[in-house]
file query-v1.cif (mmCIF, C-alpha atoms)
data_start
loop_
_atom_site.group_PDB
_atom_site.id
_atom_site.type_symbol
_atom_site.label_atom_id
_atom_site.label_comp_id
_atom_site.auth_asym_id
_atom_site.auth_seq_id
_atom_site.Cartn_x
_atom_site.Cartn_y
_atom_site.Cartn_z
ATOM 1 C CA MET A 1 15.128 11.903 25.242
ATOM 2 C CA SER A 2 16.459 14.968 23.443
ATOM 3 C CA LYS A 3 14.375 18.052 22.621
ATOM 4 C CA ARG A 4 14.606 17.278 18.911
ATOM 5 C CA SER A 5 13.343 13.750 19.513
ATOM 6 C CA LYS A 6 10.374 15.131 21.439
ATOM 7 C CA ILE A 7 9.568 17.395 18.486
ATOM 8 C CA VAL A 8 9.795 14.462 16.065
ATOM 9 C CA GLU A 9 7.546 12.384 18.302
ATOM 10 C CA LYS A 10 4.926 15.139 18.376
ATOM 11 C CA ILE A 11 5.023 15.296 14.576
ATOM 12 C CA LEU A 12 4.621 11.527 14.362
ATOM 13 C CA GLU A 13 1.679 11.654 16.749
ATOM 14 C CA LYS A 14 0.017 14.440 14.773
ATOM 15 C CA ASN A 15 0.400 12.436 11.550
ATOM 16 C CA HIS A 16 -0.598 9.107 13.102
ATOM 17 C CA ARG A 17 -2.064 6.778 10.484
ATOM 18 C CA GLU A 18 -5.568 5.631 11.348
ATOM 19 C CA TYR A 19 -5.114 2.460 9.317
ATOM 20 C CA MET A 20 -2.589 1.171 11.862
ATOM 21 C CA ASP A 21 -5.297 1.005 14.533
ATOM 22 C CA ASP A 22 -8.348 -0.156 12.615
ATOM 23 C CA ALA A 23 -8.774 -3.258 10.430
ATOM 24 C CA ASP A 24 -11.364 -1.630 8.139
ATOM 25 C CA ALA A 25 -9.144 1.415 7.617
ATOM 26 C CA ALA A 26 -6.233 -0.923 6.875
ATOM 27 C CA GLU A 27 -8.282 -2.698 4.205
ATOM 28 C CA GLU A 28 -9.107 0.667 2.640
ATOM 29 C CA HIS A 29 -5.440 1.664 2.658
ATOM 30 C CA LEU A 30 -4.516 -1.628 0.981
ATOM 31 C CA LYS A 31 -7.079 -0.932 -1.750
ATOM 32 C CA GLU A 32 -5.666 2.543 -2.316
ATOM 33 C CA ARG A 33 -2.098 1.253 -2.438
ATOM 34 C CA SER A 34 -3.021 -1.480 -4.926
ATOM 35 C CA THR A 35 -3.564 1.128 -7.640
ATOM 36 C CA VAL A 36 -0.119 2.734 -7.375
ATOM 37 C CA GLU A 37 2.279 0.325 -5.689
ATOM 38 C CA ASP A 38 3.678 -1.108 -8.941
ATOM 39 C CA GLU A 39 4.771 2.262 -10.295
ATOM 40 C CA THR A 40 8.494 2.869 -10.837
ATOM 41 C CA TYR A 41 10.152 4.569 -7.897
ATOM 42 C CA LYS A 42 11.841 7.870 -8.687
ATOM 43 C CA ILE A 43 14.952 8.713 -6.679
ATOM 44 C CA PRO A 44 14.507 12.068 -4.901
ATOM 45 C CA LYS A 45 16.639 14.845 -6.350
ATOM 46 C CA LYS A 46 19.118 16.048 -3.733
ATOM 47 C CA PRO A 47 22.880 16.077 -3.141
ATOM 48 C CA TYR A 48 24.206 12.624 -2.251
ATOM 49 C CA HIS A 49 27.479 11.383 -0.774
ATOM 50 C CA THR A 50 27.722 8.504 -3.250
ATOM 51 C CA LYS A 51 26.533 7.633 -6.722
ATOM 52 C CA VAL A 52 22.863 6.719 -6.306
ATOM 53 C CA GLU A 53 21.319 4.833 -9.203
ATOM 54 C CA SER A 54 18.180 2.939 -10.163
ATOM 55 C CA LYS A 55 18.815 -0.385 -11.890
ATOM 56 C CA ASN A 56 16.823 -3.421 -12.942
ATOM 57 C CA LEU A 57 18.402 -6.433 -11.265
ATOM 58 C CA PHE A 58 16.933 -9.909 -10.849
ATOM 59 C CA GLY A 59 13.571 -8.751 -12.146
ATOM 60 C CA CYS A 60 13.300 -5.951 -9.614
ATOM 61 C CA GLN A 61 13.999 -2.240 -9.495
ATOM 62 C CA MET A 62 17.034 -1.824 -7.271
ATOM 63 C CA ILE A 63 18.448 1.386 -5.803
ATOM 64 C CA THR A 64 22.229 1.088 -5.572
ATOM 65 C CA PHE A 65 24.597 3.278 -3.599
ATOM 66 C CA ASN A 66 28.329 3.431 -4.288
ATOM 67 C CA ASP A 67 28.294 0.573 -6.804
ATOM 68 C CA VAL A 68 32.020 0.748 -7.535
ATOM 69 C CA GLU A 69 34.708 -1.930 -7.883
ATOM 70 C CA ASP A 70 36.712 -0.825 -4.854
ATOM 71 C CA ALA A 71 33.752 -1.049 -2.455
ATOM 72 C CA GLU A 72 34.945 -3.161 0.475
ATOM 73 C CA ARG A 73 31.579 -4.478 1.662
ATOM 74 C CA MET A 74 28.224 -5.486 0.253
ATOM 75 C CA VAL A 75 25.016 -4.433 2.029
ATOM 76 C CA ILE A 76 21.454 -5.538 1.357
ATOM 77 C CA TYR A 77 19.068 -3.003 2.888
ATOM 78 C CA ILE A 78 15.375 -3.930 3.080
ATOM 79 C CA HIS A 79 13.264 -0.835 3.686
ATOM 80 C CA GLY A 80 10.314 -0.624 6.054
ATOM 81 C CA GLY A 81 6.762 0.483 5.398
ATOM 82 C CA GLY A 82 4.640 -2.379 6.682
ATOM 83 C CA TYR A 83 5.088 -4.322 3.409
ATOM 84 C CA VAL A 84 2.571 -1.935 1.869
ATOM 85 C CA ASN A 85 4.291 1.476 1.708
ATOM 86 C CA GLU A 86 7.183 2.380 -0.567
ATOM 87 C CA ILE A 87 10.743 3.339 0.317
ATOM 88 C CA ARG A 88 11.114 6.942 1.514
ATOM 89 C CA LEU A 89 13.742 9.651 1.641
ATOM 90 C CA PRO A 90 14.997 8.774 5.167
ATOM 91 C CA HIS A 91 15.800 5.269 3.895
ATOM 92 C CA ILE A 92 17.605 6.672 0.865
ATOM 93 C CA SER A 93 19.599 9.160 2.934
ATOM 94 C CA PHE A 94 20.524 6.490 5.497
ATOM 95 C CA CYS A 95 21.785 4.064 2.839
ATOM 96 C CA ASP A 96 23.730 6.825 1.097
ATOM 97 C CA ARG A 97 25.505 7.897 4.287
ATOM 98 C CA LEU A 98 26.201 4.312 5.293
ATOM 99 C CA ALA A 99 27.674 3.444 1.891
ATOM 100 C CA LYS A 100 30.040 6.398 2.176
ATOM 101 C CA LYS A 101 31.061 5.772 5.790
ATOM 102 C CA ILE A 102 31.934 2.074 5.452
ATOM 103 C CA ASN A 103 32.892 2.099 1.738
ATOM 104 C CA ALA A 104 30.146 -0.343 0.864
ATOM 105 C CA CYS A 105 27.963 -0.981 -2.121
ATOM 106 C CA VAL A 106 24.412 -0.903 -0.794
ATOM 107 C CA PHE A 107 21.540 -2.579 -2.635
ATOM 108 C CA SER A 108 18.001 -1.612 -1.645
ATOM 109 C CA PRO A 109 15.341 -3.557 -3.562
ATOM 110 C CA ILE A 110 12.123 -1.776 -4.469
ATOM 111 C CA TYR A 111 10.412 -5.043 -3.688
ATOM 112 C CA PRO A 112 6.820 -6.001 -4.588
ATOM 113 C CA LEU A 113 4.312 -4.871 -1.957
ATOM 114 C CA ALA A 114 0.957 -5.987 -0.577
ATOM 115 C CA PRO A 115 -1.825 -6.349 -1.482
ATOM 116 C CA ASN A 116 -0.823 -7.017 -5.113
ATOM 117 C CA HIS A 117 2.078 -9.185 -4.007
ATOM 118 C CA THR A 118 3.124 -11.438 -1.141
ATOM 119 C CA TYR A 119 6.369 -12.442 0.571
ATOM 120 C CA GLU A 120 7.187 -15.103 -2.056
ATOM 121 C CA GLU A 121 8.347 -12.772 -4.828
ATOM 122 C CA THR A 122 10.602 -10.803 -2.499
ATOM 123 C CA TYR A 123 12.252 -13.967 -1.190
ATOM 124 C CA GLU A 124 13.043 -14.954 -4.767
ATOM 125 C CA ILE A 125 14.519 -11.536 -5.570
ATOM 126 C CA VAL A 126 16.614 -11.233 -2.414
ATOM 127 C CA GLU A 127 17.891 -14.805 -2.706
ATOM 128 C CA LYS A 128 19.110 -14.138 -6.246
ATOM 129 C CA LEU A 129 20.766 -10.913 -5.106
ATOM 130 C CA TYR A 130 22.382 -12.644 -2.138
ATOM 131 C CA ASN A 131 23.742 -15.490 -4.277
ATOM 132 C CA HIS A 132 25.214 -12.918 -6.640
ATOM 133 C CA LEU A 133 26.912 -11.044 -3.787
ATOM 134 C CA LEU A 134 28.395 -14.287 -2.468
ATOM 135 C CA THR A 135 30.400 -14.552 -5.694
ATOM 136 C CA THR A 136 32.163 -11.250 -4.928
ATOM 137 C CA GLY A 137 33.975 -12.749 -1.954
ATOM 138 C CA LYS A 138 33.384 -9.546 0.006
ATOM 139 C CA PRO A 139 31.748 -9.316 3.456
ATOM 140 C CA ILE A 140 27.957 -9.165 3.240
ATOM 141 C CA ILE A 141 25.710 -7.304 5.659
ATOM 142 C CA ILE A 142 21.936 -7.736 5.694
ATOM 143 C CA MET A 143 19.919 -5.033 7.370
ATOM 144 C CA GLY A 144 16.515 -3.435 7.404
ATOM 145 C CA ASP A 145 14.032 -1.406 9.400
ATOM 146 C CA SER A 146 10.523 -2.216 10.618
ATOM 147 C CA ALA A 147 8.961 -4.659 8.134
ATOM 148 C CA GLY A 148 12.293 -4.740 6.334
ATOM 149 C CA GLY A 149 13.982 -5.641 9.600
ATOM 150 C CA GLY A 150 11.555 -8.490 10.098
ATOM 151 C CA PHE A 151 12.208 -9.704 6.556
ATOM 152 C CA SER A 152 15.981 -9.474 7.090
ATOM 153 C CA ALA A 153 15.824 -11.677 10.195
ATOM 154 C CA ALA A 154 13.453 -14.140 8.528
ATOM 155 C CA PHE A 155 15.645 -14.324 5.431
ATOM 156 C CA CYS A 156 18.658 -15.265 7.555
ATOM 157 C CA GLU A 157 16.567 -18.012 9.165
ATOM 158 C CA TYR A 158 15.665 -19.123 5.634
ATOM 159 C CA LEU A 159 19.361 -19.236 4.704
ATOM 160 C CA ALA A 160 19.968 -21.500 7.698
ATOM 161 C CA VAL A 161 17.134 -23.839 6.649
ATOM 162 C CA LYS A 162 18.719 -24.081 3.195
ATOM 163 C CA ASP A 163 22.173 -24.594 4.727
ATOM 164 C CA MET A 164 23.499 -21.501 2.961
ATOM 165 C CA PRO A 165 26.247 -19.196 4.277
ATOM 166 C CA GLN A 166 25.147 -16.476 6.656
ATOM 167 C CA PRO A 167 26.080 -12.814 6.178
ATOM 168 C CA GLU A 168 28.817 -11.362 8.346
ATOM 169 C CA ASN A 169 26.378 -9.070 10.168
ATOM 170 C CA LEU A 170 22.645 -8.714 10.628
ATOM 171 C CA ILE A 171 21.493 -5.220 11.625
ATOM 172 C CA LEU A 172 17.838 -4.836 12.620
ATOM 173 C CA ILE A 173 16.148 -1.500 13.259
ATOM 174 C CA SER A 174 12.791 -1.881 15.060
ATOM 175 C CA PRO A 175 12.143 -5.205 13.295
ATOM 176 C CA TRP A 176 8.569 -6.429 12.908
ATOM 177 C CA VAL A 177 9.221 -9.962 14.160
ATOM 178 C CA ASP A 178 5.633 -11.102 14.855
ATOM 179 C CA MET A 179 3.317 -10.311 11.968
ATOM 180 C CA SER A 180 0.422 -11.992 13.793
ATOM 181 C CA MET A 181 0.678 -9.352 16.550
ATOM 182 C CA SER A 182 -0.110 -12.074 19.064
ATOM 183 C CA GLY A 183 1.932 -10.720 21.952
ATOM 184 C CA ASP A 184 0.995 -8.834 25.102
ATOM 185 C CA TYR A 185 1.271 -5.112 24.423
ATOM 186 C CA ASP A 186 -0.531 -3.777 27.499
ATOM 187 C CA ASP A 187 2.657 -2.608 29.189
ATOM 188 C CA VAL A 188 3.807 -0.446 26.262
ATOM 189 C CA GLU A 189 3.550 3.102 27.521
ATOM 190 C CA TYR A 190 3.046 4.919 24.235
ATOM 191 C CA ASP A 191 3.498 4.604 20.461
ATOM 192 C CA PRO A 192 2.832 7.576 18.172
ATOM 193 C CA MET A 193 3.154 5.521 14.972
ATOM 194 C CA LEU A 194 2.028 1.921 15.163
ATOM 195 C CA GLY A 195 -1.114 0.016 16.078
ATOM 196 C CA ILE A 196 -2.280 -3.575 16.450
ATOM 197 C CA GLU A 197 -5.487 -4.263 14.497
ATOM 198 C CA GLY A 198 -4.387 -2.539 11.307
ATOM 199 C CA ALA A 199 -0.972 -4.162 11.410
ATOM 200 C CA ARG A 200 -2.600 -7.593 11.703
ATOM 201 C CA GLU A 201 -4.714 -6.938 8.614
ATOM 202 C CA ILE A 202 -1.764 -5.736 6.557
ATOM 203 C CA GLY A 203 0.268 -8.694 7.740
ATOM 204 C CA LYS A 204 -2.347 -11.116 6.417
ATOM 205 C CA ALA A 205 -2.169 -9.476 2.997
ATOM 206 C CA TRP A 206 1.628 -9.810 2.825
ATOM 207 C CA ALA A 207 1.605 -13.409 4.121
ATOM 208 C CA GLY A 208 -0.896 -14.523 1.468
ATOM 209 C CA ASP A 209 -1.685 -18.209 1.982
ATOM 210 C CA LEU A 210 0.992 -18.511 4.661
ATOM 211 C CA ASP A 211 0.167 -18.596 8.369
ATOM 212 C CA THR A 212 1.185 -15.246 9.847
ATOM 213 C CA LYS A 213 3.174 -17.144 12.497
ATOM 214 C CA ASP A 214 5.308 -18.874 9.871
ATOM 215 C CA TYR A 215 8.954 -17.946 10.343
ATOM 216 C CA LYS A 216 9.221 -16.639 6.775
ATOM 217 C CA VAL A 217 7.057 -13.670 7.770
ATOM 218 C CA SER A 218 7.388 -13.789 11.576
ATOM 219 C CA PRO A 219 10.993 -14.626 12.513
ATOM 220 C CA LEU A 220 10.099 -14.645 16.213
ATOM 221 C CA PHE A 221 8.776 -18.171 15.673
ATOM 222 C CA GLY A 222 11.712 -19.511 13.645
ATOM 223 C CA GLU A 223 14.941 -21.314 14.486
ATOM 224 C CA VAL A 224 17.591 -18.733 15.312
ATOM 225 C CA ASP A 225 20.625 -20.726 16.484
ATOM 226 C CA LYS A 226 22.519 -20.310 13.178
ATOM 227 C CA LEU A 227 21.999 -16.566 12.802
ATOM 228 C CA PRO A 228 25.087 -14.366 12.426
ATOM 229 C CA LYS A 229 26.228 -11.576 14.693
ATOM 230 C CA THR A 230 23.057 -9.554 15.214
ATOM 231 C CA THR A 231 22.516 -6.004 16.428
ATOM 232 C CA ILE A 232 19.003 -4.791 17.190
ATOM 233 C CA PHE A 233 17.825 -1.216 17.773
ATOM 234 C CA VAL A 234 14.446 -0.505 19.379
ATOM 235 C CA GLY A 235 12.722 2.317 21.239
ATOM 236 C CA THR A 236 10.614 1.892 24.358
ATOM 237 C CA HIS A 237 7.822 3.909 22.695
ATOM 238 C CA GLU A 238 7.067 1.081 20.256
ATOM 239 C CA ILE A 239 4.069 -1.212 20.413
ATOM 240 C CA ILE A 240 6.322 -4.040 19.177
ATOM 241 C CA TYR A 241 8.961 -3.440 21.858
ATOM 242 C CA PRO A 242 7.970 -6.590 23.839
ATOM 243 C CA ASP A 243 8.193 -8.767 20.703
ATOM 244 C CA ILE A 244 11.645 -7.426 19.889
ATOM 245 C CA VAL A 245 12.901 -8.036 23.428
ATOM 246 C CA GLU A 246 11.521 -11.581 23.223
ATOM 247 C CA PHE A 247 13.310 -12.111 19.912
ATOM 248 C CA TYR A 248 16.584 -10.835 21.363
ATOM 249 C CA ASN A 249 16.217 -13.126 24.384
ATOM 250 C CA LYS A 250 15.663 -16.050 22.023
ATOM 251 C CA LEU A 251 18.870 -15.172 20.162
ATOM 252 C CA HIS A 252 20.791 -14.885 23.421
ATOM 253 C CA ASP A 253 19.420 -18.162 24.767
ATOM 254 C CA ASN A 254 20.470 -19.926 21.557
ATOM 255 C CA GLY A 255 24.051 -18.712 21.739
ATOM 256 C CA VAL A 256 23.864 -16.080 19.001
ATOM 257 C CA ASP A 257 26.256 -13.147 19.293
ATOM 258 C CA ALA A 258 23.518 -10.555 19.742
ATOM 259 C CA GLU A 259 23.261 -7.027 21.098
ATOM 260 C CA LEU A 260 20.078 -5.137 21.942
ATOM 261 C CA ILE A 261 20.351 -1.350 21.908
ATOM 262 C CA VAL A 262 17.334 0.293 23.537
ATOM 263 C CA GLY A 263 16.478 3.938 22.945
ATOM 264 C CA ASP A 264 14.737 5.132 26.106
ATOM 265 C CA GLU A 265 11.449 6.862 25.182
ATOM 266 C CA MET A 266 12.386 6.651 21.493
ATOM 267 C CA SER A 267 9.840 5.826 18.790
ATOM 268 C CA HIS A 268 9.726 3.362 15.916
ATOM 269 C CA VAL A 269 12.823 3.291 13.647
ATOM 270 C CA TYR A 270 14.393 6.204 15.529
ATOM 271 C CA PRO A 271 17.884 5.610 14.021
ATOM 272 C CA LEU A 272 16.488 6.882 10.703
ATOM 273 C CA TYR A 273 15.236 10.221 12.036
ATOM 274 C CA PRO A 274 17.050 13.208 10.510
ATOM 275 C CA MET A 275 18.874 15.682 12.755
ATOM 276 C CA VAL A 276 18.164 13.769 15.984
ATOM 277 C CA PRO A 277 21.081 13.160 18.413
ATOM 278 C CA GLU A 278 19.913 9.636 19.271
ATOM 279 C CA ALA A 279 19.770 8.785 15.567
ATOM 280 C CA LYS A 280 23.319 10.032 15.067
ATOM 281 C CA GLU A 281 24.485 7.902 17.997
ATOM 282 C CA ALA A 282 22.769 4.838 16.534
ATOM 283 C CA PHE A 283 24.239 5.476 13.087
ATOM 284 C CA ASN A 284 27.723 5.849 14.524
ATOM 285 C CA ARG A 285 27.280 2.602 16.457
ATOM 286 C CA ILE A 286 26.257 0.774 13.276
ATOM 287 C CA VAL A 287 29.329 2.135 11.469
ATOM 288 C CA GLU A 288 31.533 1.073 14.391
ATOM 289 C CA ILE A 289 30.124 -2.472 14.334
ATOM 290 C CA LEU A 290 30.534 -2.870 10.568
ATOM 291 C CA LEU A 291 34.101 -1.570 10.613
ATOM 292 C CA GLU A 292 35.244 -3.895 13.411
#
call {"tool": "encode", "arguments": {"input": "query-v1.cif", "output": "structure tokens"}}
result
Amino acid sequence: MSKRSKIVEKILEKNHREYMDDADAAEEHLKERSTVEDETYKIPKKPYHTKVESKNLFGCQMITFNDVEDAERMVIYIHGGGYVNEIRLPHISFCDRLAKKINACVFSPIYPLAPNHTYEETYEIVEKLYNHLLTTGKPIIIMGDSAGGGFSAAFCEYLAVKDMPQPENLILISPWVDMSMSGDYDDVEYDPMLGIEGAREIGKAWAGDLDTKDYKVSPLFGEVDKLPKTTIFVGTHEIIYPDIVEFYNKLHDNGVDAELIVGDEMSHVYPLYPMVPEAKEAFNRIVEILLE
């Protein structure tokens, strides 16, 4: 673990969100978010490597990166935030750099969030986007972090159920694969960001009338044998580390071409951290995989 990563972890610990640990606090956070979550997202003003735009596509605000005709690949990036918090600058910066490095057009939906919305609307939006990208004939990559990683995996399981083509690659960064938080987390040494009780409560809001163990919100419990080449990043300082390892083992046991990259003593979504050596290594590995 690098010195910079230790500093980041201390910052994360200092800013730990109480609502991740406590169901009542999670309910209060959901109430607060319900008043602002449908506002239009404004792209942060900063220098970018590509053309970054906000568009209305398929009934959803969409942030696009490098939306040019000569883009060689199409990427759908589903941001994290526990299905309740909006996209943030690290997501924007990551997508911008990735679009430049692999000459891809990246689409990041500003999808409807809990508690005002459930998984259903986002499935509809992403399916329409995916069908549109299929018509381009270009390689498609689906990827996401945290909640967005969980959605990305579940969406690929959904594609398999519908007998639709899979993307060329599935990249998952600390994916939330069990929304019910029903695993055994006693052996997790430390997590400065996440919790169990609050996550369960937020998960129920996003799942709506669906059982939180349904594959559409918890891909750990779905059929995985038809998933595409899958790369998963996770840190050992994550409460959901055991769930992610279990998901990887399920992929491996079902013959999926899968790779698990473990960041020793790294925290949740570490590949998105700015100015951290381990994040740079993870980013370079993702670029290497997508350029193969």
call {"tool": "resolve_selection", "arguments": {"input": "query-v1.cif", "expression": "the PyMOL selection byres ((chain A and resi 185) around 10)", "output": "PyMOL selection string"}}
result
chain A and resi 181-184+186-189+196+238-243
call {"tool": "residues_near_point", "arguments": {"input": "query-v1.cif", "point": "(11.3, -16.5, 18.6)", "cutoff": "6 Å", "atoms": "all atoms listed in the file", "output": "NGL selection string"}}
result
:A and (220-222 or 247 or 250)
call {"tool": "closest_residue", "arguments": {"input": "query-v1.cif", "among": "A:Glu292, A:Gly81, A:Gly208, A:Ser152", "to": "Met20 (chain A)", "atoms": "only C-alpha atoms"}}
result
A:Gly81
call {"tool": "resolve_selection", "arguments": {"input": "query-v1.cif", "expression": "the PyMOL selection byres ((chain A and resi 33) around 10)", "output": "list in words"}}
result
Glu27, Glu28, His29, Leu30, Lys31, Glu32, Ser34, Thr35, Val36, Glu37, Asp38, Val84, Asn85, Glu86, Leu113, Ala114, Pro115 and Asn116 of chain A
call {"tool": "write_last_selection", "arguments": {"input": "query-v1.cif", "atoms": "C-alpha atoms", "output": "mmCIF file, in the coordinates of the input"}}
result
data_model
loop_
_atom_site.group_PDB
_atom_site.id
_atom_site.type_symbol
_atom_site.label_atom_id
_atom_site.label_comp_id
_atom_site.auth_asym_id
_atom_site.auth_seq_id
_atom_site.Cartn_x
_atom_site.Cartn_y
_atom_site.Cartn_z
ATOM 1 C CA GLU A 27 -8.282 -2.698 4.205
ATOM 2 C CA GLU A 28 -9.107 0.667 2.640
ATOM 3 C CA HIS A 29 -5.440 1.664 2.658
ATOM 4 C CA LEU A 30 -4.516 -1.628 0.981
ATOM 5 C CA LYS A 31 -7.079 -0.932 -1.750
ATOM 6 C CA GLU A 32 -5.666 2.543 -2.316
ATOM 7 C CA SER A 34 -3.021 -1.480 -4.926
ATOM 8 C CA THR A 35 -3.564 1.128 -7.640
ATOM 9 C CA VAL A 36 -0.119 2.734 -7.375
ATOM 10 C CA GLU A 37 2.279 0.325 -5.689
ATOM 11 C CA ASP A 38 3.678 -1.108 -8.941
ATOM 12 C CA VAL A 84 2.571 -1.935 1.869
ATOM 13 C CA ASN A 85 4.291 1.476 1.708
ATOM 14 C CA GLU A 86 7.183 2.380 -0.567
ATOM 15 C CA LEU A 113 4.312 -4.871 -1.957
ATOM 16 C CA ALA A 114 0.957 -5.987 -0.577
ATOM 17 C CA PRO A 115 -1.825 -6.349 -1.482
ATOM 18 C CA ASN A 116 -0.823 -7.017 -5.113
#
call {"tool": "atom_distance", "arguments": {"input": "query-v1.cif", "atom1": "CA of Asp253 (chain A)", "atom2": "CA of Tyr83 (chain A)"}}
result
29.2 Å
call {"tool": "residues_around", "arguments": {"input": "query-v1.cif", "residues": "Tyr270 (chain A)", "least_positions_apart": "2", "cutoff": "8 Å", "atoms": "all atoms listed in the file", "output": "list in words"}}
result
Val234, Gly235, Met266, Ser267, His268, Leu272, Tyr273, Glu278 and Ala279 of chain A
call {"tool": "write_last_selection", "arguments": {"input": "query-v1.cif", "atoms": "C-alpha atoms", "output": "PDB file, keeping the file's coordinate frame"}}
result
ATOM      1  CA  VAL A 234      14.446  -0.505  19.379  1.00  0.00           C
ATOM      2  CA  GLY A 235      12.722   2.317  21.239  1.00  0.00           C
ATOM      3  CA  MET A 266      12.386   6.651  21.493  1.00  0.00           C
ATOM      4  CA  SER A 267       9.840   5.826  18.790  1.00  0.00           C
ATOM      5  CA  HIS A 268       9.726   3.362  15.916  1.00  0.00           C
ATOM      6  CA  LEU A 272      16.488   6.882  10.703  1.00  0.00           C
ATOM      7  CA  TYR A 273      15.236  10.221  12.036  1.00  0.00           C
ATOM      8  CA  GLU A 278      19.913   9.636  19.271  1.00  0.00           C
ATOM      9  CA  ALA A 279      19.770   8.785  15.567  1.00  0.00           C
TER      10      ALA A 279
END
call {"tool": "resolve_selection", "arguments": {"input": "query-v1.cif", "expression": "the PyMOL selection byres ((chain A and resi 54) around 12)", "output": "VMD selection string"}}
result
chain A and resid 40 to 44 51 to 53 55 to 57 60 to 67 92 106 to 110
call {"tool": "residues_near_point", "arguments": {"input": "query-v1.cif", "point": "(37.8, -0.8, -3.7)", "cutoff": "12 Å", "atoms": "only C-alpha atoms", "output": "PyMOL selection string"}}
result
chain A and resi 66-74+102-105+136+138
call {"tool": "atom_distance", "arguments": {"input": "query-v1.cif", "atom1": "CA of Tyr77 (chain A)", "atom2": "CA of Met275 (chain A)"}}
result
21.1 Å
call {"tool": "closest_atom_pairs", "arguments": {"input": "query-v1.cif", "of": "region 161-274 of chain A", "to": "region 119-123 of chain A", "cutoff": "9 Å", "atoms": "only C-alpha atoms", "output": "Markdown table"}}
result
| residue | atom | partner | partner_atom | distance |
| --- | --- | --- | --- | --- |
| A:Trp206 | CA | A:Tyr119 | CA | 5.9 |
| A:Ala207 | CA | A:Tyr119 | CA | 6.0 |
| A:Gly208 | CA | A:Tyr119 | CA | 7.6 |
| A:Lys216 | CA | A:Tyr119 | CA | 8.0 |
| A:Val217 | CA | A:Tyr119 | CA | 7.3 |
call {"tool": "atom_distance", "arguments": {"input": "query-v1.cif", "atom1": "CA of Lys45 (chain A)", "atom2": "CA of Ala282 (chain A)"}}
result
25.7 Å
call {"tool": "closest_residue", "arguments": {"input": "query-v1.cif", "among": "A:Ile173, A:Ala154, A:Ile142, A:Val161", "to": "Pro271 (chain A)", "atoms": "only C-alpha atoms"}}
result
A:Ile173
call {"tool": "closest_residue", "arguments": {"input": "query-v1.cif", "among": "A:Met143, A:Met179, A:Ala25, A:Ile289", "to": "Ala199 (chain A)", "atoms": "all atoms listed in the file"}}
result
A:Met179
call {"tool": "closest_residue", "arguments": {"input": "query-v1.cif", "among": "A:Ile11, A:Leu89, A:Ile202, A:Ala153", "to": "Lys46 (chain A)", "atoms": "all atoms listed in the file"}}
result
A:Leu89
call {"tool": "build_atoms", "arguments": {"input": "query-v1.cif", "residues": "region 260-269 of chain A", "atoms": "N, CA, C and O atoms", "output": "mmCIF file, in the frame of the given file"}}
result
data_model
loop_
_atom_site.group_PDB
_atom_site.id
_atom_site.type_symbol
_atom_site.label_atom_id
_atom_site.label_comp_id
_atom_site.auth_asym_id
_atom_site.auth_seq_id
_atom_site.Cartn_x
_atom_site.Cartn_y
_atom_site.Cartn_z
ATOM 1 N N LEU A 260 21.319 -5.911 21.987
ATOM 2 C CA LEU A 260 20.078 -5.137 21.942
ATOM 3 C C LEU A 260 20.371 -3.726 22.429
ATOM 4 O O LEU A 260 20.808 -3.525 23.558
ATOM 5 N N ILE A 261 20.119 -2.748 21.562
ATOM 6 C CA ILE A 261 20.351 -1.350 21.908
ATOM 7 C C ILE A 261 18.990 -0.669 22.033
ATOM 8 O O ILE A 261 18.253 -0.553 21.053
ATOM 9 N N VAL A 262 18.663 -0.252 23.247
ATOM 10 C CA VAL A 262 17.334 0.293 23.537
ATOM 11 C C VAL A 262 17.404 1.818 23.655
ATOM 12 O O VAL A 262 18.172 2.356 24.460
ATOM 13 N N GLY A 263 16.593 2.486 22.858
ATOM 14 C CA GLY A 263 16.478 3.938 22.945
ATOM 15 C C GLY A 263 15.369 4.294 23.917
ATOM 16 O O GLY A 263 14.184 4.104 23.611
ATOM 17 N N ASP A 264 15.732 4.802 25.084
ATOM 18 C CA ASP A 264 14.737 5.132 26.106
ATOM 19 C C ASP A 264 13.795 6.230 25.608
ATOM 20 O O ASP A 264 14.242 7.306 25.186
ATOM 21 N N GLU A 265 12.506 5.947 25.624
ATOM 22 C CA GLU A 265 11.449 6.862 25.182
ATOM 23 C C GLU A 265 11.541 7.197 23.691
ATOM 24 O O GLU A 265 10.913 8.154 23.235
ATOM 25 N N MET A 266 12.283 6.408 22.928
ATOM 26 C CA MET A 266 12.386 6.651 21.493
ATOM 27 C C MET A 266 11.303 5.874 20.743
ATOM 28 O O MET A 266 10.832 4.826 21.199
ATOM 29 N N SER A 267 10.918 6.405 19.575
ATOM 30 C CA SER A 267 9.840 5.826 18.790
ATOM 31 C C SER A 267 10.380 4.918 17.683
ATOM 32 O O SER A 267 11.580 4.767 17.505
ATOM 33 N N HIS A 268 9.449 4.341 16.964
ATOM 34 C CA HIS A 268 9.726 3.362 15.916
ATOM 35 C C HIS A 268 10.760 3.870 14.915
ATOM 36 O O HIS A 268 10.682 4.995 14.456
ATOM 37 N N VAL A 269 11.724 3.043 14.601
ATOM 38 C CA VAL A 269 12.823 3.291 13.647
ATOM 39 C C VAL A 269 13.562 4.611 13.922
ATOM 40 O O VAL A 269 13.968 5.307 13.001
#
